[in-house]
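Here's the structure, in structure tokens; my notes come after.
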Amino acid sequence: MLHLNKIHHIAILCSNYQVSKQFYTEILGLKIIQEIYRKERDSFKLDLAINGMYCIELFSFSNPPKRVSSPEATGLRHLAFEVNDIQETRNYILSKELFAEEIRIDEHTNKRFFFMSDPDNLPIEFYEI
């Protein structure tokens with residue numbers, strides 16, 4: 001039987017590297033592990049971490065196709081980040097003049113959560129522990 005330890009990372013392809021880099025590092029607060037410019041591809045690769053743990057690769061390529069997000073399509077549905085205080089998190093997102101959905105209650109766990117989107121309309125969920 002296959003034995004998996006954990007999810008190693010999630011790769012995200014963005015349409016505007018500088019805008020997405022700013023969103024993931026300055027708004028969400030992920031830390032840069034390394035940034036590589038790949039001249040042969042005219043592409044950046046940015047490795048990001050949460051609490052010292054590598055989690056996201058942010059890629060740039062010229063003219064990537066748009067992501068189908070609504071109606072929902074096959075493939076990655078959303079990213080979800082665990083937070084301690086959902087109201088504080090939503091207030092922070094709103095303070096950055098970004099849209100955040102209203103806080104909802106998960107009917108199966110009774111935990112609070114809300115969604116927003118990254119600069120390329122990738123849904124991001126914040127889920128209170």
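Labeling convention for the structure tokens: chains A, B, ... as they appear, residues from 1 per chain, ligands from 1 in order of appearance.
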
DSSP on the backbone: which residues in stretch 80-113 of chain A end up as alpha helix (DSSP H)? Give the answer as a PDB file with N, CA and C atoms, in the first residue's frame.
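This is the output file result-v6.pdb:
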```
ATOM      1  N   ILE A  86     -11.768  33.983  13.283  1.00  0.00           N
ATOM      2  CA  ILE A  86     -12.336  34.219  11.949  1.00  0.00           C
ATOM      3  C   ILE A  86     -12.778  35.668  11.773  1.00  0.00           C
ATOM      4  N   GLN A  87     -13.342  36.275  12.799  1.00  0.00           N
ATOM      5  CA  GLN A  87     -13.795  37.664  12.681  1.00  0.00           C
ATOM      6  C   GLN A  87     -12.608  38.603  12.519  1.00  0.00           C
ATOM      7  N   GLU A  88     -11.551  38.383  13.292  1.00  0.00           N
ATOM      8  CA  GLU A  88     -10.343  39.195  13.176  1.00  0.00           C
ATOM      9  C   GLU A  88      -9.731  39.048  11.777  1.00  0.00           C
ATOM     10  N   THR A  89      -9.732  37.834  11.266  1.00  0.00           N
ATOM     11  CA  THR A  89      -9.187  37.583   9.925  1.00  0.00           C
ATOM     12  C   THR A  89     -10.002  38.311   8.870  1.00  0.00           C
ATOM     13  N   ARG A  90     -11.318  38.214   8.959  1.00  0.00           N
ATOM     14  CA  ARG A  90     -12.175  38.893   7.978  1.00  0.00           C
ATOM     15  C   ARG A  90     -12.011  40.411   8.077  1.00  0.00           C
ATOM     16  N   ASN A  91     -11.952  40.938   9.284  1.00  0.00           N
ATOM     17  CA  ASN A  91     -11.753  42.381   9.452  1.00  0.00           C
ATOM     18  C   ASN A  91     -10.446  42.829   8.815  1.00  0.00           C
ATOM     19  N   TYR A  92      -9.394  42.033   8.975  1.00  0.00           N
ATOM     20  CA  TYR A  92      -8.097  42.345   8.367  1.00  0.00           C
ATOM     21  C   TYR A  92      -8.209  42.378   6.845  1.00  0.00           C
ATOM     22  N   ILE A  93      -8.839  41.359   6.255  1.00  0.00           N
ATOM     23  CA  ILE A  93      -9.002  41.308   4.795  1.00  0.00           C
ATOM     24  C   ILE A  93      -9.777  42.528   4.311  1.00  0.00           C
ATOM     25  N   LEU A  94     -10.861  42.867   4.995  1.00  0.00           N
ATOM     26  CA  LEU A  94     -11.652  44.046   4.612  1.00  0.00           C
ATOM     27  C   LEU A  94     -10.845  45.329   4.767  1.00  0.00           C
ATOM     28  N   SER A  95      -9.971  45.401   5.756  1.00  0.00           N
ATOM     29  CA  SER A  95      -9.143  46.607   5.970  1.00  0.00           C
ATOM     30  C   SER A  95      -8.170  46.828   4.818  1.00  0.00           C
TER      31      SER A  95
END
```

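The residue set within 7 Å of stretch 22-30 of chain A, counting only C-alpha atoms and dropping same-chain residues fewer than 6 places from it, reads Leu48, Ala49 and Ile50 of chain A.
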
Just N, CA and C atoms for this one: save the residues we selected as an mmCIF file, in the first residue's frame.
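Heads up, here's the output in part.cif:
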```cif
data_model
loop_
_atom_site.group_PDB
_atom_site.id
_atom_site.type_symbol
_atom_site.label_atom_id
_atom_site.label_comp_id
_atom_site.auth_asym_id
_atom_site.auth_seq_id
_atom_site.Cartn_x
_atom_site.Cartn_y
_atom_site.Cartn_z
ATOM 1 N N LEU A 48 6.991 29.641 -0.997
ATOM 2 C CA LEU A 48 6.422 30.340 0.151
ATOM 3 C C LEU A 48 6.170 29.378 1.316
ATOM 4 N N ALA A 49 6.201 29.923 2.535
ATOM 5 C CA ALA A 49 6.007 29.111 3.732
ATOM 6 C C ALA A 49 5.023 29.776 4.694
ATOM 7 N N ILE A 50 4.370 28.916 5.471
ATOM 8 C CA ILE A 50 3.541 29.345 6.602
ATOM 9 C C ILE A 50 4.191 28.758 7.845
#
```

List every residue of chain A that DSSP, applied to the backbone of this structure, places in strand (DSSP E or B), and write the result as a ChimeraX atom specification. /A:10-14,31-38,43-50,53-60,79-83,104-105,112-117,123-128

For the residues in that selection, give me N, CA and C atoms as a short mmCIF file (atom, residue, chain, number, x, y, z; two decimals), in the first residue's frame.
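Result written to part01.cif:
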```cif
data_model
loop_
_atom_site.label_atom_id
_atom_site.label_comp_id
_atom_site.auth_asym_id
_atom_site.auth_seq_id
_atom_site.Cartn_x
_atom_site.Cartn_y
_atom_site.Cartn_z
N ILE A 10 1.58 23.16 -2.78
CA ILE A 10 0.55 23.43 -3.78
C ILE A 10 1.15 24.44 -4.75
N ALA A 11 1.01 24.17 -6.05
CA ALA A 11 1.53 25.07 -7.08
C ALA A 11 0.39 25.93 -7.61
N ILE A 12 0.66 27.22 -7.70
CA ILE A 12 -0.33 28.18 -8.20
C ILE A 12 0.31 28.94 -9.36
N LEU A 13 -0.39 29.00 -10.47
CA LEU A 13 0.05 29.75 -11.64
C LEU A 13 -0.72 31.06 -11.66
N CYS A 14 0.00 32.17 -11.68
CA CYS A 14 -0.65 33.48 -11.63
C CYS A 14 -0.50 34.22 -12.96
N LYS A 31 5.81 33.69 4.01
CA LYS A 31 7.22 34.09 3.98
C LYS A 31 7.91 33.50 2.76
N ILE A 32 8.78 34.29 2.16
CA ILE A 32 9.52 33.83 0.99
C ILE A 32 10.68 32.96 1.43
N ILE A 33 10.72 31.75 0.87
CA ILE A 33 11.85 30.84 1.10
C ILE A 33 12.91 31.13 0.05
N GLN A 34 12.49 31.16 -1.21
CA GLN A 34 13.40 31.51 -2.30
C GLN A 34 12.58 31.99 -3.50
N GLU A 35 13.23 32.83 -4.29
CA GLU A 35 12.63 33.34 -5.52
C GLU A 35 13.62 33.09 -6.64
N ILE A 36 13.15 32.44 -7.69
CA ILE A 36 14.01 32.08 -8.81
C ILE A 36 13.42 32.65 -10.10
N TYR A 37 14.26 33.31 -10.87
CA TYR A 37 13.85 33.73 -12.21
C TYR A 37 14.44 32.74 -13.20
N ARG A 38 13.58 32.12 -14.00
CA ARG A 38 14.02 31.14 -14.98
C ARG A 38 14.02 31.80 -16.36
N SER A 43 10.10 33.26 -16.63
CA SER A 43 9.15 32.85 -15.60
C SER A 43 9.80 32.94 -14.22
N PHE A 44 8.98 33.32 -13.24
CA PHE A 44 9.40 33.30 -11.85
C PHE A 44 8.83 32.07 -11.15
N LYS A 45 9.56 31.60 -10.13
CA LYS A 45 9.08 30.56 -9.22
C LYS A 45 9.38 31.07 -7.82
N LEU A 46 8.32 31.22 -7.04
CA LEU A 46 8.44 31.76 -5.69
C LEU A 46 7.99 30.68 -4.71
N ASP A 47 8.89 30.26 -3.82
CA ASP A 47 8.56 29.27 -2.80
C ASP A 47 8.16 30.01 -1.53
N LEU A 48 6.99 29.64 -1.00
CA LEU A 48 6.42 30.34 0.15
C LEU A 48 6.17 29.38 1.32
N ALA A 49 6.20 29.92 2.54
CA ALA A 49 6.01 29.11 3.73
C ALA A 49 5.02 29.78 4.69
N ILE A 50 4.37 28.92 5.47
CA ILE A 50 3.54 29.34 6.60
C ILE A 50 4.19 28.76 7.85
N MET A 53 6.97 26.37 7.34
CA MET A 53 6.73 25.15 6.57
C MET A 53 6.40 25.50 5.13
N TYR A 54 7.22 24.98 4.22
CA TYR A 54 7.03 25.17 2.78
C TYR A 54 5.63 24.71 2.39
N CYS A 55 4.89 25.53 1.63
CA CYS A 55 3.52 25.14 1.31
C CYS A 55 3.07 25.52 -0.09
N ILE A 56 3.56 26.62 -0.65
CA ILE A 56 3.05 27.08 -1.94
C ILE A 56 4.21 27.45 -2.86
N GLU A 57 4.08 27.02 -4.12
CA GLU A 57 4.95 27.49 -5.20
C GLU A 57 4.10 28.42 -6.06
N LEU A 58 4.54 29.64 -6.23
CA LEU A 58 3.84 30.60 -7.07
C LEU A 58 4.63 30.74 -8.37
N PHE A 59 3.99 30.45 -9.49
CA PHE A 59 4.64 30.49 -10.80
C PHE A 59 4.06 31.60 -11.65
N SER A 60 4.92 32.15 -12.51
CA SER A 60 4.45 33.08 -13.54
C SER A 60 4.84 32.53 -14.90
N LEU A 79 -8.20 26.89 -1.89
CA LEU A 79 -7.20 26.75 -0.83
C LEU A 79 -7.90 27.08 0.48
N ALA A 80 -7.53 26.40 1.55
CA ALA A 80 -8.12 26.70 2.85
C ALA A 80 -7.00 26.91 3.87
N PHE A 81 -7.09 28.00 4.60
CA PHE A 81 -6.13 28.32 5.64
C PHE A 81 -6.82 28.27 7.00
N GLU A 82 -6.17 27.63 7.95
CA GLU A 82 -6.68 27.58 9.32
C GLU A 82 -6.31 28.87 10.03
N VAL A 83 -7.28 29.43 10.77
CA VAL A 83 -7.03 30.66 11.53
C VAL A 83 -7.60 30.50 12.94
N ARG A 104 -19.79 32.26 7.60
CA ARG A 104 -20.82 31.21 7.64
C ARG A 104 -20.43 30.17 8.68
N ILE A 105 -21.36 29.28 8.97
CA ILE A 105 -21.13 28.17 9.89
C ILE A 105 -21.17 26.87 9.09
N ARG A 112 -16.73 28.21 12.10
CA ARG A 112 -16.97 29.39 11.27
C ARG A 112 -15.93 29.49 10.16
N PHE A 113 -16.36 30.01 9.00
CA PHE A 113 -15.46 30.16 7.86
C PHE A 113 -16.00 31.24 6.93
N PHE A 114 -15.12 31.70 6.03
CA PHE A 114 -15.55 32.59 4.95
C PHE A 114 -14.58 32.43 3.78
N PHE A 115 -15.01 32.95 2.63
CA PHE A 115 -14.21 32.88 1.42
C PHE A 115 -13.86 34.27 0.91
N MET A 116 -12.75 34.34 0.22
CA MET A 116 -12.34 35.48 -0.59
C MET A 116 -11.67 34.90 -1.82
N SER A 117 -11.11 35.72 -2.69
CA SER A 117 -10.39 35.23 -3.87
C SER A 117 -9.04 35.90 -3.98
N PRO A 123 -10.45 30.76 -5.35
CA PRO A 123 -11.12 30.90 -4.05
C PRO A 123 -10.19 30.50 -2.90
N ILE A 124 -10.22 31.32 -1.85
CA ILE A 124 -9.44 31.06 -0.65
C ILE A 124 -10.41 31.06 0.53
N GLU A 125 -10.34 29.99 1.30
CA GLU A 125 -11.20 29.84 2.47
C GLU A 125 -10.36 30.05 3.73
N PHE A 126 -10.94 30.73 4.69
CA PHE A 126 -10.35 30.84 6.02
C PHE A 126 -11.28 30.09 6.96
N TYR A 127 -10.71 29.17 7.73
CA TYR A 127 -11.50 28.27 8.56
C TYR A 127 -11.01 28.35 9.99
N GLU A 128 -11.92 28.67 10.90
CA GLU A 128 -11.56 28.86 12.31
C GLU A 128 -11.42 27.52 13.02
#
```

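In this model, the gap between atom CA of A:Leu76 and atom CA of A:Lys96 comes to 25.7 Å.
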
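Nearest residue to A:Phe99 among A:Asp42, A:Pro119, A:Pro64, A:Ser20 is A:Pro119, counting only C-alpha atoms.
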
Point-to-point distance in Å for atom CA of A:His9 and atom CA of A:Arg41: 21.4 Å

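Atom CA of A:Ile7 sits 27.0 Å away from atom CA of A:Ile103.
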
All residues 8 Å or closer to A:Leu122, only C-alpha atoms, same chain fewer than 6 positions away omitted, as a list of chain:residue names: A:Arg67, A:Ser69, A:His78, A:Leu79
